[in-house]
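Below is one structure, written out as structure tokens; the observations come after it.
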Amino acid sequence: MNELLVSDKLKANYDAYYDGESEWRAIGAKEKVKNIVDACSGIPHDSILEIGSGDGAILNGLADAKFGTNLFSLEISASAVATIARRKIANLRECRIFNGYDIPYTTGQFDLAIVSHVLEHAEHPRKLLYEASRAAAFVFIEVPLEDTIRLKSDFVFSSVGHINYYTWRTIRLLVQSCELQVLSQVITNPSRSAYEYRSGRIGLAKHALRQALLRCSQSLACELFTYHCSILCATPRQNQASC
């Protein structure tokens, strides 16, 4: 059987993608870190593996929040690893390149694996989830819910690299199809700061509208606009241990 690898096209897209730290990613990371802490505070989280760390903004936020004492990172991008190294993140024990799917750590080595805004980029998302659940007792996943009525009918690749588009149902079914048990699932609106950074006062108005719609009708909101969905899962091994 041929080894599953990130395609040459995607690898080339990400190799030089991270040109130092990004203000935009730093703003987005604050909300992502909050979602991780809110979902995962009640489970063991001493050792944490983030898969697909980008420029390290989430790792940096976790370290600042003193969430996890042993942080590890995997990336496919050489520019990401270099950017993370320059940050000198507290409690980051190791950041290394991997092939995108095969996690180079032992079974059950981590309390928690974080896969935040990665599955929308992955050509073989189930392979990645199986590997994450092998390496950790719990898996936290977050994706943008981009499969709305506004999604275009035909795919066009962009440097952002999104190749999978989810609803709150399809991401839930995906993780369950990988034998992961859903412990919590939360849909959130990106932060006011993110909207303001993109569109100023108009962005603040958009945030308020979408927040109100999400409170009134989650299903309608997710049909019309892109929100974020975070899911905390227990792995099959953790389920057996708790029986």
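Going by the structure tokens order, chains are called A, B, ..., each with residues numbered from 1, while ligands are numbered from 1 in the order shown.
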
Please provide as a list of chain:residue names all residues within 9 Å of segment 35-40 of chain A, with the sequence filter that same-chain residues fewer than 4 positions apart are discarded (counting only C-alpha atoms). A:Lys30, A:Glu31, A:Pro44, A:His45, A:Leu62, A:Ala65, A:Phe67, A:Leu112, A:Ile114, A:Phe138, A:Phe140, A:Ile141, A:Glu142, A:Ser184, A:Gln185, A:Val186, A:Thr188, A:Ser230, A:Ile231, A:Leu232

Could you write those residues out with N, CA and C atoms, as a tab-separated table (two decimals), in the first residue's frame?
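What follows is the written file out.tsv:
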chain	number	residue	atom	x	y	z
A	30	LYS	N	-6.78	33.98	19.91
A	30	LYS	CA	-7.34	34.26	21.23
A	30	LYS	C	-8.66	33.53	21.42
A	31	GLU	N	-9.52	33.59	20.41
A	31	GLU	CA	-10.81	32.90	20.49
A	31	GLU	C	-10.61	31.38	20.45
A	44	PRO	N	-7.76	15.63	31.63
A	44	PRO	CA	-6.30	15.74	31.76
A	44	PRO	C	-5.72	16.51	30.57
A	45	HIS	N	-4.82	17.45	30.84
A	45	HIS	CA	-4.23	18.23	29.75
A	45	HIS	C	-2.80	18.67	30.07
A	62	LEU	N	-1.79	29.14	24.62
A	62	LEU	CA	-1.90	28.11	25.65
A	62	LEU	C	-0.83	28.30	26.72
A	65	ALA	N	-1.73	31.13	28.94
A	65	ALA	CA	-2.83	30.76	29.82
A	65	ALA	C	-2.43	29.69	30.83
A	67	PHE	N	-1.94	26.63	30.27
A	67	PHE	CA	-2.78	25.47	30.00
A	67	PHE	C	-1.90	24.40	29.35
A	112	LEU	N	-3.89	15.12	25.44
A	112	LEU	CA	-4.79	15.84	24.53
A	112	LEU	C	-4.09	16.14	23.21
A	114	ILE	N	-4.69	18.46	19.78
A	114	ILE	CA	-5.46	19.59	19.27
A	114	ILE	C	-5.32	19.63	17.75
A	138	PHE	N	-7.59	12.19	24.46
A	138	PHE	CA	-8.68	13.06	24.02
A	138	PHE	C	-8.23	13.86	22.81
A	140	PHE	N	-9.29	17.36	20.58
A	140	PHE	CA	-10.09	18.57	20.39
A	140	PHE	C	-9.97	19.00	18.94
A	141	ILE	N	-11.10	19.25	18.31
A	141	ILE	CA	-11.15	19.59	16.88
A	141	ILE	C	-11.94	20.88	16.73
A	142	GLU	N	-11.44	21.78	15.89
A	142	GLU	CA	-12.23	22.95	15.51
A	142	GLU	C	-12.10	23.17	14.02
A	184	SER	N	-18.48	16.96	23.74
A	184	SER	CA	-19.13	18.27	23.66
A	184	SER	C	-18.96	18.81	22.24
A	185	GLN	N	-19.93	19.61	21.83
A	185	GLN	CA	-19.87	20.26	20.53
A	185	GLN	C	-20.46	21.66	20.69
A	186	VAL	N	-19.69	22.67	20.31
A	186	VAL	CA	-20.09	24.06	20.51
A	186	VAL	C	-19.87	24.84	19.22
A	188	THR	N	-19.52	28.64	17.71
A	188	THR	CA	-19.22	29.99	18.16
A	188	THR	C	-19.05	30.92	16.97
A	230	SER	N	-16.39	23.65	17.48
A	230	SER	CA	-15.37	22.92	18.23
A	230	SER	C	-16.00	21.68	18.86
A	231	ILE	N	-15.25	20.60	18.81
A	231	ILE	CA	-15.72	19.30	19.30
A	231	ILE	C	-14.62	18.68	20.16
A	232	LEU	N	-14.99	18.26	21.36
A	232	LEU	CA	-14.08	17.50	22.21
A	232	LEU	C	-14.49	16.04	22.16

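Around segment 197-209 of chain A, within 10 Å and counting only C-alpha atoms, the residues found are Glu23, Trp24, Ile27, Asn189, Pro190, Ser191, Arg192, Ser193, Leu213, Leu214 and Ala221 of chain A, once anything fewer than 4 positions away on its own chain is removed.
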
When distances are computed from only C-alpha atoms, which of A:Leu74, A:Ala212, A:Ala57, A:Ala122 shows the smallest separation from Ser22 of chain A? A:Ala57

Atom CA of Asp15 of chain A to atom CA of Gly56 of chain A: how many Å, to one decimal?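 It comes out at 15.0 Å.
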
For Tyr105 of chain A, which residue out of A:Tyr14, A:Thr148, A:Ser219, A:Ser133 is the nearest one, using only C-alpha atoms?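 Counting only C-alpha atoms, the residue closest to Tyr105 of chain A is A:Ser133.
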
Which residues in segment 38-98 of chain A does DSSP call strand (DSSP E)? List them as a ChimeraX atom specification. /A:47-51,70-75,92-97

Of the listed residues A:Trp168, A:Asp64, A:Val6, A:Pro144, that which approaches Glu123 of chain A most closely, counting only C-alpha atoms: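 Comparing A:Trp168, A:Asp64, A:Val6, A:Pro144 against Glu123 of chain A, the winner is A:Val6.
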
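Using only C-alpha atoms for every distance, the candidate list A:Val33, A:Phe155, A:Leu4, A:Asp19 yields A:Asp19 as the residue closest to Arg86 of chain A.
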
One number please: atom CA of Ala135 of chain A to atom CA of Ser47 of chain A, in Å, one decimal.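 We find that atom CA of Ala135 of chain A and atom CA of Ser47 of chain A lie 11.0 Å from each other.
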
Excluding same-chain residues fewer than 5 positions from Ala113 of chain A, what lies within 6 Å of it counting only C-alpha atoms, as a list in words?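 Within the cut-off, the hits are Ile48, Leu49, Glu50, Ala136 and Val139 of chain A.
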
Which residue out of A:Ser217, A:Thr235, A:Asn13, A:Thr69 has the minimum interatomic distance to Tyr130 of chain A when only C-alpha atoms are used?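 Nearest to Tyr130 of chain A: A:Thr235.
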
Which of these, A:Glu21, A:Asp154, A:Glu223, A:Glu131, has the shortest distance to Thr167 of chain A once you count only C-alpha atoms?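 Once distances to Thr167 of chain A are computed over only C-alpha atoms, the minimum belongs to A:Glu223.
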
Residues of segment 51-192 of chain A in alpha helix (DSSP H), written as a ChimeraX atom specification: /A:57-64,78-87,125-135,168-177,192
